[in-house]
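Enquirer: File start_39.pdb follows (PDB, C-alpha atoms):
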```pdb
ATOM      1  CA  MET V   1     -38.746 -32.426 -51.689
ATOM      2  CA  PHE V   2     -41.200 -31.412 -48.995
ATOM      3  CA  SER V   3     -42.997 -28.915 -51.239
ATOM      4  CA  ASN V   4     -43.865 -31.720 -53.655
ATOM      5  CA  LEU V   5     -45.701 -33.791 -51.071
ATOM      6  CA  PRO V   6     -49.522 -33.597 -51.274
ATOM      7  CA  GLU V   7     -51.185 -31.697 -48.432
ATOM      8  CA  TYR V   8     -53.407 -34.614 -47.470
ATOM      9  CA  MET V   9     -50.358 -36.476 -46.142
ATOM     10  CA  PHE V  10     -49.748 -33.700 -43.651
ATOM     11  CA  GLU V  11     -53.438 -33.458 -42.742
ATOM     12  CA  ASN V  12     -53.769 -37.212 -42.246
ATOM     13  CA  VAL V  13     -50.943 -37.229 -39.708
ATOM     14  CA  VAL V  14     -52.672 -34.530 -37.672
ATOM     15  CA  LYS V  15     -56.251 -35.833 -37.861
ATOM     16  CA  ASN V  16     -55.335 -39.422 -37.068
ATOM     17  CA  THR V  17     -53.104 -38.400 -34.168
ATOM     18  CA  VAL V  18     -55.787 -36.186 -32.622
ATOM     19  CA  PHE V  19     -58.172 -39.156 -32.822
ATOM     20  CA  VAL V  20     -55.638 -41.447 -31.134
ATOM     21  CA  PHE V  21     -54.973 -38.857 -28.389
ATOM     22  CA  ARG V  22     -58.642 -38.663 -27.578
ATOM     23  CA  TYR V  23     -59.737 -42.269 -27.817
ATOM     24  CA  MET V  24     -56.693 -44.591 -27.799
ATOM     25  CA  PRO V  25     -53.853 -42.760 -25.986
ATOM     26  CA  LYS V  26     -52.267 -45.990 -24.740
ATOM     27  CA  LEU V  27     -51.220 -46.786 -28.306
ATOM     28  CA  MET V  28     -48.701 -43.928 -28.250
ATOM     29  CA  ILE V  29     -45.109 -44.752 -27.321
ATOM     30  CA  SER V  30     -42.462 -42.271 -26.212
ATOM     31  CA  SER V  31     -40.558 -42.227 -29.520
ATOM     32  CA  GLN V  32     -43.761 -41.354 -31.408
ATOM     33  CA  ILE V  33     -44.492 -38.557 -28.936
ATOM     34  CA  GLU V  34     -41.024 -37.091 -29.454
ATOM     35  CA  GLU V  35     -41.435 -37.242 -33.238
ATOM     36  CA  LEU V  36     -44.814 -35.504 -33.056
ATOM     37  CA  ILE V  37     -43.406 -32.716 -30.907
ATOM     38  CA  VAL V  38     -40.581 -32.123 -33.390
ATOM     39  CA  PHE V  39     -43.083 -32.268 -36.268
ATOM     40  CA  CYS V  40     -45.451 -29.690 -34.765
ATOM     41  CA  ILE V  41     -42.873 -27.251 -33.411
ATOM     42  CA  THR V  42     -40.706 -27.339 -36.543
ATOM     43  CA  PHE V  43     -43.549 -26.351 -38.844
ATOM     44  CA  LEU V  44     -44.984 -23.783 -36.429
ATOM     45  CA  ARG V  45     -41.621 -22.109 -36.077
ATOM     46  CA  ASN V  46     -40.946 -22.354 -39.834
ATOM     47  CA  SER V  47     -44.521 -21.773 -40.911
ATOM     48  CA  GLU V  48     -43.528 -20.436 -44.335
ATOM     49  CA  TYR V  49     -43.178 -24.052 -45.465
ATOM     50  CA  ILE V  50     -46.953 -24.463 -45.215
ATOM     51  CA  LYS V  51     -49.097 -22.089 -47.251
ATOM     52  CA  ASN V  52     -52.463 -23.504 -46.164
ATOM     53  CA  GLN V  53     -53.548 -21.725 -42.958
ATOM     54  CA  GLY V  54     -55.971 -24.514 -42.148
ATOM     55  CA  LEU V  55     -53.119 -27.021 -41.998
ATOM     56  CA  LYS V  56     -51.044 -24.811 -39.708
ATOM     57  CA  GLN V  57     -54.006 -24.377 -37.371
ATOM     58  CA  LYS V  58     -54.228 -28.145 -37.040
ATOM     59  CA  LEU V  59     -50.717 -28.234 -35.573
ATOM     60  CA  VAL V  60     -51.928 -26.127 -32.639
ATOM     61  CA  THR V  61     -55.030 -28.305 -32.334
ATOM     62  CA  LEU V  62     -52.813 -31.383 -32.204
ATOM     63  CA  LEU V  63     -50.649 -29.939 -29.407
ATOM     64  CA  SER V  64     -53.635 -28.674 -27.412
ATOM     65  CA  SER V  65     -55.382 -32.047 -27.762
ATOM     66  CA  GLY V  66     -52.253 -33.614 -26.342
ATOM     67  CA  VAL V  67     -52.387 -31.552 -23.136
ATOM     68  CA  TYR V  68     -56.049 -32.101 -22.269
ATOM     69  CA  PRO V  69     -56.075 -34.119 -19.021
ATOM     70  CA  VAL V  70     -59.562 -35.401 -19.832
ATOM     71  CA  TYR V  71     -58.057 -37.558 -22.569
ATOM     72  CA  HIS V  72     -55.125 -38.798 -20.492
ATOM     73  CA  ARG V  73     -54.175 -38.524 -16.848
ATOM     74  CA  GLY V  74     -52.224 -35.553 -15.481
ATOM     75  CA  LYS V  75     -51.163 -33.122 -18.174
ATOM     76  CA  GLY V  76     -52.425 -35.130 -21.107
ATOM     77  CA  ILE V  77     -50.420 -37.418 -23.314
ATOM     78  CA  LEU V  78     -47.992 -34.672 -24.452
ATOM     79  CA  GLY V  79     -47.840 -32.622 -21.265
ATOM     80  CA  GLU V  80     -44.818 -34.183 -19.608
ATOM     81  CA  ALA V  81     -42.791 -34.193 -22.816
ATOM     82  CA  LEU V  82     -43.633 -30.571 -23.656
ATOM     83  CA  THR V  83     -42.585 -29.607 -20.142
ATOM     84  CA  SER V  84     -39.254 -31.469 -20.125
ATOM     85  CA  ASP V  85     -38.111 -32.261 -23.686
ATOM     86  CA  GLN V  86     -35.057 -30.185 -24.706
ATOM     87  CA  PHE V  87     -36.325 -29.470 -28.217
ATOM     88  CA  ALA V  88     -39.673 -28.313 -26.819
ATOM     89  CA  THR V  89     -38.233 -26.117 -24.074
ATOM     90  CA  ASP V  90     -35.877 -24.480 -26.590
ATOM     91  CA  ASN V  91     -38.461 -23.763 -29.298
ATOM     92  CA  LEU V  92     -42.093 -24.156 -28.244
ATOM     93  CA  LEU V  93     -42.673 -20.786 -26.555
ATOM     94  CA  HIS V  94     -41.335 -18.754 -29.468
ATOM     95  CA  SER V  95     -43.217 -20.924 -31.957
ATOM     96  CA  LEU V  96     -46.563 -20.384 -30.216
ATOM     97  CA  MET V  97     -45.984 -16.632 -29.828
ATOM     98  CA  LYS V  98     -45.001 -16.441 -33.511
ATOM     99  CA  TYR V  99     -48.161 -18.210 -34.613
ATOM    100  CA  TYR V 100     -50.282 -16.094 -32.240
ATOM    101  CA  ILE V 101     -49.000 -13.061 -34.175
ATOM    102  CA  GLU V 102     -49.158 -14.697 -37.584
ATOM    103  CA  ILE V 103     -52.851 -15.584 -37.463
ATOM    104  CA  GLU V 104     -53.789 -11.926 -37.062
ATOM    105  CA  GLN V 105     -53.662 -11.816 -40.856
ATOM    106  CA  GLY V 106     -55.477 -14.222 -43.130
ATOM    107  CA  VAL V 107     -57.653 -15.959 -40.527
ATOM    108  CA  TYR V 108     -61.305 -15.076 -39.898
ATOM    109  CA  TYR V 109     -61.621 -13.519 -36.450
ATOM    110  CA  THR V 110     -63.889 -16.221 -34.987
ATOM    111  CA  GLU V 111     -61.350 -18.893 -35.953
ATOM    112  CA  ARG V 112     -58.530 -16.696 -34.702
ATOM    113  CA  TYR V 113     -59.882 -16.581 -31.168
ATOM    114  CA  GLY V 114     -60.483 -20.323 -31.147
ATOM    115  CA  ILE V 115     -56.855 -20.985 -32.116
ATOM    116  CA  ARG V 116     -55.581 -18.560 -29.492
ATOM    117  CA  TYR V 117     -57.708 -20.328 -26.893
ATOM    118  CA  GLU V 118     -55.915 -23.566 -27.789
ATOM    119  CA  ILE V 119     -52.544 -21.800 -27.524
ATOM    120  CA  PHE V 120     -53.463 -20.672 -24.003
ATOM    121  CA  GLN V 121     -54.187 -24.275 -22.997
ATOM    122  CA  ILE V 122     -50.658 -25.245 -24.056
ATOM    123  CA  PHE V 123     -49.189 -22.277 -22.178
ATOM    124  CA  ARG V 124     -51.002 -23.308 -19.008
ATOM    125  CA  CYS V 125     -49.605 -26.815 -19.276
ATOM    126  CA  ILE V 126     -45.964 -25.859 -19.815
ATOM    127  CA  TRP V 127     -45.813 -22.923 -17.413
ATOM    128  CA  THR V 128     -44.893 -25.200 -14.499
ATOM    129  CA  ASN V 129     -41.372 -25.374 -15.953
ATOM    130  CA  PRO V 130     -39.420 -22.203 -14.997
ATOM    131  CA  ILE V 131     -37.374 -22.431 -18.203
ATOM    132  CA  TYR V 132     -40.367 -21.167 -20.175
ATOM    133  CA  LYS V 133     -40.585 -18.121 -17.917
ATOM    134  CA  GLN V 134     -36.900 -17.474 -18.571
ATOM    135  CA  HIS V 135     -37.480 -17.752 -22.315
ATOM    136  CA  LEU V 136     -40.354 -15.245 -22.131
ATOM    137  CA  GLU V 137     -38.110 -12.807 -20.295
ATOM    138  CA  GLN V 138     -35.402 -13.373 -22.883
ATOM    139  CA  GLU V 139     -37.854 -12.618 -25.706
ATOM    140  CA  SER V 140     -38.746  -9.318 -24.039
ATOM    141  CA  LYS V 141     -35.094  -8.254 -23.797
ATOM    142  CA  VAL V 142     -33.473  -9.734 -26.900
ATOM    143  CA  ASN V 143     -36.391  -9.803 -29.344
ATOM    144  CA  THR V 144     -38.187  -6.705 -28.107
ATOM    145  CA  ASP V 145     -40.129  -5.792 -31.265
ATOM    146  CA  PHE V 146     -41.447  -9.341 -31.523
ATOM    147  CA  PHE V 147     -42.437  -9.346 -27.836
ATOM    148  CA  VAL V 148     -44.187  -5.968 -28.081
ATOM    149  CA  ARG V 149     -46.186  -7.158 -31.099
ATOM    150  CA  TYR V 150     -47.301 -10.187 -29.118
ATOM    151  CA  VAL V 151     -48.294  -8.170 -26.035
ATOM    152  CA  ASN V 152     -50.162  -5.608 -28.129
ATOM    153  CA  LEU V 153     -52.215  -8.388 -29.742
ATOM    154  CA  LEU V 154     -52.889  -9.840 -26.308
ATOM    155  CA  LEU V 155     -54.164  -6.418 -25.235
ATOM    156  CA  ASN V 156     -56.251  -6.081 -28.395
ATOM    157  CA  ASP V 157     -57.887  -9.432 -27.688
ATOM    158  CA  ALA V 158     -58.577  -8.639 -24.033
ATOM    159  CA  THR V 159     -60.056  -5.236 -24.914
ATOM    160  CA  TYR V 160     -62.258  -6.513 -27.728
ATOM    161  CA  LEU V 161     -63.485  -9.666 -25.999
ATOM    162  CA  LEU V 162     -64.336  -7.999 -22.696
ATOM    163  CA  ASP V 163     -66.031  -5.123 -24.476
ATOM    164  CA  GLU V 164     -68.105  -7.558 -26.533
ATOM    165  CA  CYS V 165     -69.096  -9.604 -23.476
ATOM    166  CA  LEU V 166     -69.703  -6.915 -20.900
ATOM    167  CA  GLY V 167     -71.389  -4.697 -23.471
ATOM    168  CA  LYS V 168     -73.998  -7.372 -24.226
ATOM    169  CA  PHE V 169     -75.053  -8.051 -20.633
ATOM    170  CA  PRO V 170     -77.226  -4.905 -20.280
ATOM    171  CA  LYS V 171     -79.164  -5.919 -23.405
ATOM    172  CA  ILE V 172     -79.509  -9.503 -22.149
ATOM    173  CA  HIS V 173     -80.756  -8.130 -18.829
ATOM    174  CA  ASP V 174     -83.396  -5.972 -20.577
ATOM    175  CA  LEU V 175     -84.605  -8.852 -22.753
ATOM    176  CA  GLN V 176     -84.855 -11.184 -19.751
ATOM    177  CA  GLN V 177     -86.976  -8.587 -17.972
ATOM    178  CA  GLU V 178     -89.280  -8.165 -20.973
ATOM    179  CA  LEU V 179     -89.734 -11.946 -21.272
ATOM    180  CA  ARG V 180     -90.638 -12.540 -17.641
ATOM    181  CA  LEU V 181     -94.028 -14.194 -17.169
ATOM    182  CA  GLU V 182     -95.639 -11.093 -15.703
ATOM    183  CA  ASN V 183     -94.598  -8.990 -18.708
ATOM    184  CA  LEU V 184     -95.485 -11.398 -21.509
ATOM    185  CA  GLY V 185     -99.072 -10.185 -21.699
ATOM    186  CA  ALA V 186     -97.884  -6.903 -23.196
ATOM    187  CA  LEU V 187     -96.228  -8.698 -26.127
ATOM    188  CA  THR V 188     -97.721 -10.179 -29.263
ATOM    189  CA  GLU V 189     -96.613 -13.671 -30.320
ATOM    190  CA  GLU V 190     -94.519 -12.123 -33.070
ATOM    191  CA  GLN V 191     -92.811  -9.737 -30.639
ATOM    192  CA  LYS V 192     -92.207 -12.558 -28.202
ATOM    193  CA  LYS V 193     -90.584 -14.686 -30.915
ATOM    194  CA  GLU V 194     -88.386 -11.789 -32.071
ATOM    195  CA  LYS V 195     -87.157 -11.134 -28.550
ATOM    196  CA  LEU V 196     -86.534 -14.811 -27.834
ATOM    197  CA  ASP V 197     -84.520 -15.126 -31.063
ATOM    198  CA  GLU V 198     -82.524 -12.013 -30.215
ATOM    199  CA  LEU V 199     -81.867 -13.272 -26.683
ATOM    200  CA  GLU V 200     -80.715 -16.664 -27.946
ATOM    201  CA  LYS V 201     -78.320 -15.021 -30.411
ATOM    202  CA  LEU V 202     -76.878 -12.704 -27.765
ATOM    203  CA  GLU V 203     -76.475 -15.566 -25.296
ATOM    204  CA  GLY V 204     -74.551 -17.686 -27.796
ATOM    205  CA  GLN V 205     -72.197 -14.849 -28.725
ATOM    206  CA  THR V 206     -71.634 -13.826 -25.118
ATOM    207  CA  LYS V 207     -70.826 -17.324 -23.866
ATOM    208  CA  SER V 208     -68.255 -17.855 -26.622
ATOM    209  CA  TYR V 209     -66.568 -14.497 -26.102
ATOM    210  CA  MET V 210     -66.655 -14.764 -22.313
ATOM    211  CA  MET V 211     -64.819 -18.082 -22.330
ATOM    212  CA  LEU V 212     -62.067 -16.567 -24.487
ATOM    213  CA  ALA V 213     -61.959 -13.359 -22.438
ATOM    214  CA  ASN V 214     -61.471 -15.352 -19.230
ATOM    215  CA  GLU V 215     -58.553 -17.231 -20.792
ATOM    216  CA  THR V 216     -56.946 -14.054 -22.167
ATOM    217  CA  ILE V 217     -57.107 -12.234 -18.827
ATOM    218  CA  GLY V 218     -55.907 -15.398 -17.106
ATOM    219  CA  MET V 219     -52.807 -15.512 -19.316
ATOM    220  CA  MET V 220     -52.119 -11.834 -18.712
ATOM    221  CA  LYS V 221     -52.222 -12.519 -14.988
ATOM    222  CA  VAL V 222     -49.778 -15.428 -15.367
ATOM    223  CA  PHE V 223     -47.400 -13.433 -17.573
ATOM    224  CA  THR V 224     -47.419 -10.300 -15.391
ATOM    225  CA  GLU V 225     -46.591 -12.395 -12.329
ATOM    226  CA  THR V 226     -43.422 -13.441 -14.145
ATOM    227  CA  LEU V 227     -42.510 -10.324 -16.114
ATOM    228  CA  SER V 228     -43.743  -7.134 -14.504
ATOM    229  CA  GLU V 229     -40.839  -5.202 -16.019
ATOM    230  CA  ALA V 230     -41.597  -6.314 -19.562
ATOM    231  CA  PHE V 231     -45.284  -5.435 -19.276
ATOM    232  CA  THR V 232     -44.489  -1.917 -18.109
ATOM    233  CA  MET V 233     -42.255  -1.019 -21.047
ATOM    234  CA  PRO V 234     -43.102   2.369 -22.637
ATOM    235  CA  GLU V 235     -44.402   0.602 -25.749
ATOM    236  CA  VAL V 236     -47.234  -1.180 -23.896
ATOM    237  CA  VAL V 237     -47.767   0.278 -20.410
ATOM    238  CA  LYS V 238     -50.260   3.015 -21.345
ATOM    239  CA  ARG V 239     -52.528   0.727 -23.362
ATOM    240  CA  LEU V 240     -52.424  -1.910 -20.636
ATOM    241  CA  ALA V 241     -53.273   0.599 -17.896
ATOM    242  CA  ASP V 242     -56.162   2.065 -19.921
ATOM    243  CA  MET V 243     -57.604  -1.389 -20.596
ATOM    244  CA  LEU V 244     -57.444  -2.376 -16.924
ATOM    245  CA  ASP V 245     -58.914   0.941 -15.743
ATOM    246  CA  TYR V 246     -61.792   0.661 -18.214
ATOM    247  CA  ASN V 247     -62.759  -2.874 -17.232
ATOM    248  CA  LEU V 248     -62.363  -2.208 -13.517
ATOM    249  CA  ASN V 249     -64.754   0.704 -13.900
ATOM    250  CA  THR V 250     -67.193  -1.516 -15.831
ATOM    251  CA  LEU V 251     -67.153  -4.199 -13.101
ATOM    252  CA  VAL V 252     -67.366  -2.012  -9.975
ATOM    253  CA  GLY V 253     -68.318   1.486 -11.191
ATOM    254  CA  GLU V 254     -71.694   3.144 -10.963
ATOM    255  CA  ASN V 255     -73.082   1.248 -13.969
ATOM    256  CA  SER V 256     -71.975  -2.196 -12.787
ATOM    257  CA  ARG V 257     -75.560  -3.072 -11.813
ATOM    258  CA  ASN V 258     -76.314  -3.282 -15.553
ATOM    259  CA  LEU V 259     -74.226  -6.467 -15.706
ATOM    260  CA  LYS V 260     -76.686  -8.433 -13.561
ATOM    261  CA  VAL V 261     -78.331 -11.208 -15.548
ATOM    262  CA  ASP V 262     -80.154 -14.438 -14.728
ATOM    263  CA  ASN V 263     -77.858 -17.470 -14.421
ATOM    264  CA  PRO V 264     -74.549 -15.721 -15.195
ATOM    265  CA  GLU V 265     -72.760 -19.081 -15.033
ATOM    266  CA  LYS V 266     -74.624 -19.949 -18.250
ATOM    267  CA  TYR V 267     -72.275 -17.519 -20.007
ATOM    268  CA  ASP V 268     -69.110 -18.549 -18.106
ATOM    269  CA  PHE V 269     -69.469 -15.170 -16.408
ATOM    270  CA  ASN V 270     -68.199 -15.049 -12.849
ATOM    271  CA  PRO V 271     -67.846 -11.304 -12.167
ATOM    272  CA  LYS V 272     -66.084 -11.781  -8.820
ATOM    273  CA  ALA V 273     -63.494 -14.163 -10.286
ATOM    274  CA  LEU V 274     -62.936 -11.858 -13.284
ATOM    275  CA  LEU V 275     -62.565  -8.888 -10.935
ATOM    276  CA  ALA V 276     -60.052 -10.840  -8.829
ATOM    277  CA  GLN V 277     -57.919 -11.588 -11.896
ATOM    278  CA  ILE V 278     -57.928  -7.963 -13.044
ATOM    279  CA  VAL V 279     -56.992  -6.776  -9.547
ATOM    280  CA  ASP V 280     -54.204  -9.379  -9.460
ATOM    281  CA  ILE V 281     -52.762  -7.820 -12.628
ATOM    282  CA  PHE V 282     -52.868  -4.392 -10.952
ATOM    283  CA  ILE V 283     -51.047  -5.884  -7.956
ATOM    284  CA  ASN V 284     -48.476  -7.686 -10.125
ATOM    285  CA  LEU V 285     -47.542  -4.417 -11.820
ATOM    286  CA  GLY V 286     -48.253  -2.035  -8.949
ATOM    287  CA  LYS V 287     -44.652  -1.686  -7.807
ATOM    288  CA  ARG V 288     -43.634  -0.267 -11.185
ATOM    289  CA  ARG V 289     -43.744   3.527 -11.172
ATOM    290  CA  SER V 290     -44.415   3.737 -14.904
ATOM    291  CA  PHE V 291     -47.531   1.587 -14.461
ATOM    292  CA  VAL V 292     -48.854   3.578 -11.496
ATOM    293  CA  GLU V 293     -48.415   6.820 -13.434
ATOM    294  CA  ALA V 294     -50.110   5.339 -16.505
ATOM    295  CA  VAL V 295     -53.082   4.166 -14.424
ATOM    296  CA  ALA V 296     -53.522   7.543 -12.732
ATOM    297  CA  SER V 297     -53.147   9.526 -15.975
ATOM    298  CA  ASP V 298     -56.120   7.794 -17.615
ATOM    299  CA  GLY V 299     -58.638  10.613 -17.864
ATOM    300  CA  ARG V 300     -61.467   8.389 -19.104
ATOM    301  CA  SER V 301     -61.877   5.529 -16.617
ATOM    302  CA  TYR V 302     -59.539   6.066 -13.656
ATOM    303  CA  LYS V 303     -61.417   6.644 -10.402
ATOM    304  CA  PRO V 304     -59.849   6.053  -6.967
ATOM    305  CA  SER V 305     -63.240   4.904  -5.679
ATOM    306  CA  ASN V 306     -63.149   1.930  -8.076
ATOM    307  CA  PHE V 307     -60.185   0.479  -6.194
ATOM    308  CA  ASP V 308     -61.985   0.919  -2.872
ATOM    309  CA  ASN V 309     -65.076  -0.802  -4.277
ATOM    310  CA  ALA V 310     -63.025  -3.654  -5.729
ATOM    311  CA  ALA V 311     -61.131  -4.209  -2.469
ATOM    312  CA  ARG V 312     -64.374  -4.245  -0.481
ATOM    313  CA  ILE V 313     -66.011  -6.792  -2.805
ATOM    314  CA  LEU V 314     -63.014  -9.112  -2.957
ATOM    315  CA  GLU V 315     -62.389  -8.981   0.788
ATOM    316  CA  ARG V 316     -66.051  -9.726   1.485
ATOM    317  CA  TYR V 317     -65.907 -12.900  -0.610
ATOM    318  CA  GLY V 318     -62.448 -13.957   0.550
ATOM    319  CA  LEU V 319     -60.898 -13.526  -2.903
ATOM    320  CA  ILE V 320     -57.999 -11.342  -1.808
ATOM    321  CA  SER V 321     -55.781 -11.222   1.270
ATOM    322  CA  LYS V 322     -55.307  -8.243   3.573
ATOM    323  CA  ASP V 323     -51.609  -8.174   2.649
ATOM    324  CA  SER V 324     -52.496  -7.811  -1.018
ATOM    325  CA  LEU V 325     -54.984  -5.076  -0.197
ATOM    326  CA  ALA V 326     -52.334  -3.227   1.760
ATOM    327  CA  SER V 327     -49.957  -3.328  -1.193
TER     328      SER V 327
END
```
I'd like the structure from this file rewritten - as structure tokens, please.
Expert:
Amino acid sequence: MFSNLPEYMFENVVKNTVFVFRYMPKLMISSQIEELIVFCITFLRNSEYIKNQGLKQKLVTLLSSGVYPVYHRGKGILGEALTSDQFATDNLLHSLMKYYIEIEQGVYYTERYGIRYEIFQIFRCIWTNPIYKQHLEQESKVNTDFFVRYVNLLLNDATYLLDECLGKFPKIHDLQQELRLENLGALTEEQKKEKLDELEKLEGQTKSYMMLANETIGMMKVFTETLSEAFTMPEVVKRLADMLDYNLNTLVGENSRNLKVDNPEKYDFNPKALLAQIVDIFINLGKRRSFVEAVASDGRSYKPSNFDNAARILERYGLISKDSLAS
């Protein structure tokens, strides 16, 4: 029966509800909210019922719109229900992880990161309920292959996004230097236009990727606080350690000066805050022997001096406590 319904019926439900969430949230009553939660989670968890990827993406957009506090006080119009409703607490986490994995295939990569950003917003909202942390731990122990696939994709995203962002800053820095007033005399109008166009393109790409990179690292910090054991399993610990070593070296190593650009906030780039989050992940996992060994065995990026530099920077700006440094 469901397969014979036209797709526009499904799409109309989502589009109209997103509009109501944003502009007329007071129209929603509790029974409608419960129905919407069941609607979204059911078809995310059983996504084979919907062949159109665009329609499935809209389910995530609907849920993320419902947790934006800017549209409704507190956790958004769906936040409280997603945090406390029995159906949501039983099924939402697995459904979002499943769709995070599913969109790796068949979705253009720029759309993929946008959807995953929306998934992170939902995670942030619901994480105040300890039951979701218990469900994540359960996934790691009972549904290990599924969990490892999810973590590996999370690592892929963090590696790619940070590499794209941090790798563009040296070029942005060089272009900004070339376009300074005192250097413009050496350029023709055509050269100036080419460099301005290139700078604008790089700035747009970097800002988009940086926003997603911040969210991805932020979620890794949240998850590793809860599940240090799961994130140091043999299937993931080496890749995670290598990724952290590489980015720590980029942020505080000998070439870190190449990251300096004018108005870094323009790109959502706060190097001290990013460094603090990466160091927090090291601290979260630092009591696990397998992680320590994986970090130290990285022959490409591991340098003891990087940890000294990071500690000095974070302590100077009050971004880490002495107790954390001691650990």
Enquirer: Taking the file above as input, evaluate the PyMOL selection byres ((chain V and resi 53-58) around 10) and report the hits as a ChimeraX atom specification.
Expert: /V:7-8,10-11,14-15,18,40,43-44,47-52,59-64,99,102-103,106-107,111-112,114-116,118
Enquirer: Determine the nearest neighbour of His173 of chain V from the options V:Leu202, V:Leu187, V:Leu244, V:Ile126, counting all atoms listed in the file.
Expert: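 Counting all atoms listed in the file, the residue closest to His173 of chain V is V:Leu202.
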Enquirer: For the provided coordinates, the residues matched by the PyMOL selection byres ((chain V and resi 140) around 12) should be stated as a ChimeraX atom specification.
Expert: /V:94,97,133-139,141-151,223,226-233,235-236
Enquirer: Report as a ChimeraX atom specification the full result of the PyMOL selection byres ((chain V and resi 219) around 10) when it is applied to this structure.
Expert: /V:120-121,123-124,154,213-218,220-225,277
Enquirer: Using 4 Å of padding on each side, determine the axis-aligned box around all atoms of segment 198-217 of chain V present in the file and give its centre and edge lengths in Å to one decimal, as lines of an AutoDock Vina configuration file.
Expert:
```
center_x = -69.7
center_y = -15.0
center_z = -24.6
size_x = 33.6
size_y = 14.1
size_z = 19.6
```
Enquirer: What gap, in Å, lies between atom CA of Ala81 of chain V and atom CA of Met9 of chain V?
Expert: 24.6 Å
Enquirer: If we count only C-alpha atoms, what is near segment 166-169 of chain V at a cut-off of 9 Å, once residues fewer than 4 positions away on the same chain are taken out, given as a ChimeraX atom specification?
Expert: /V:161-162,173-174,202-203,205-206,210,247,250-251,258-261
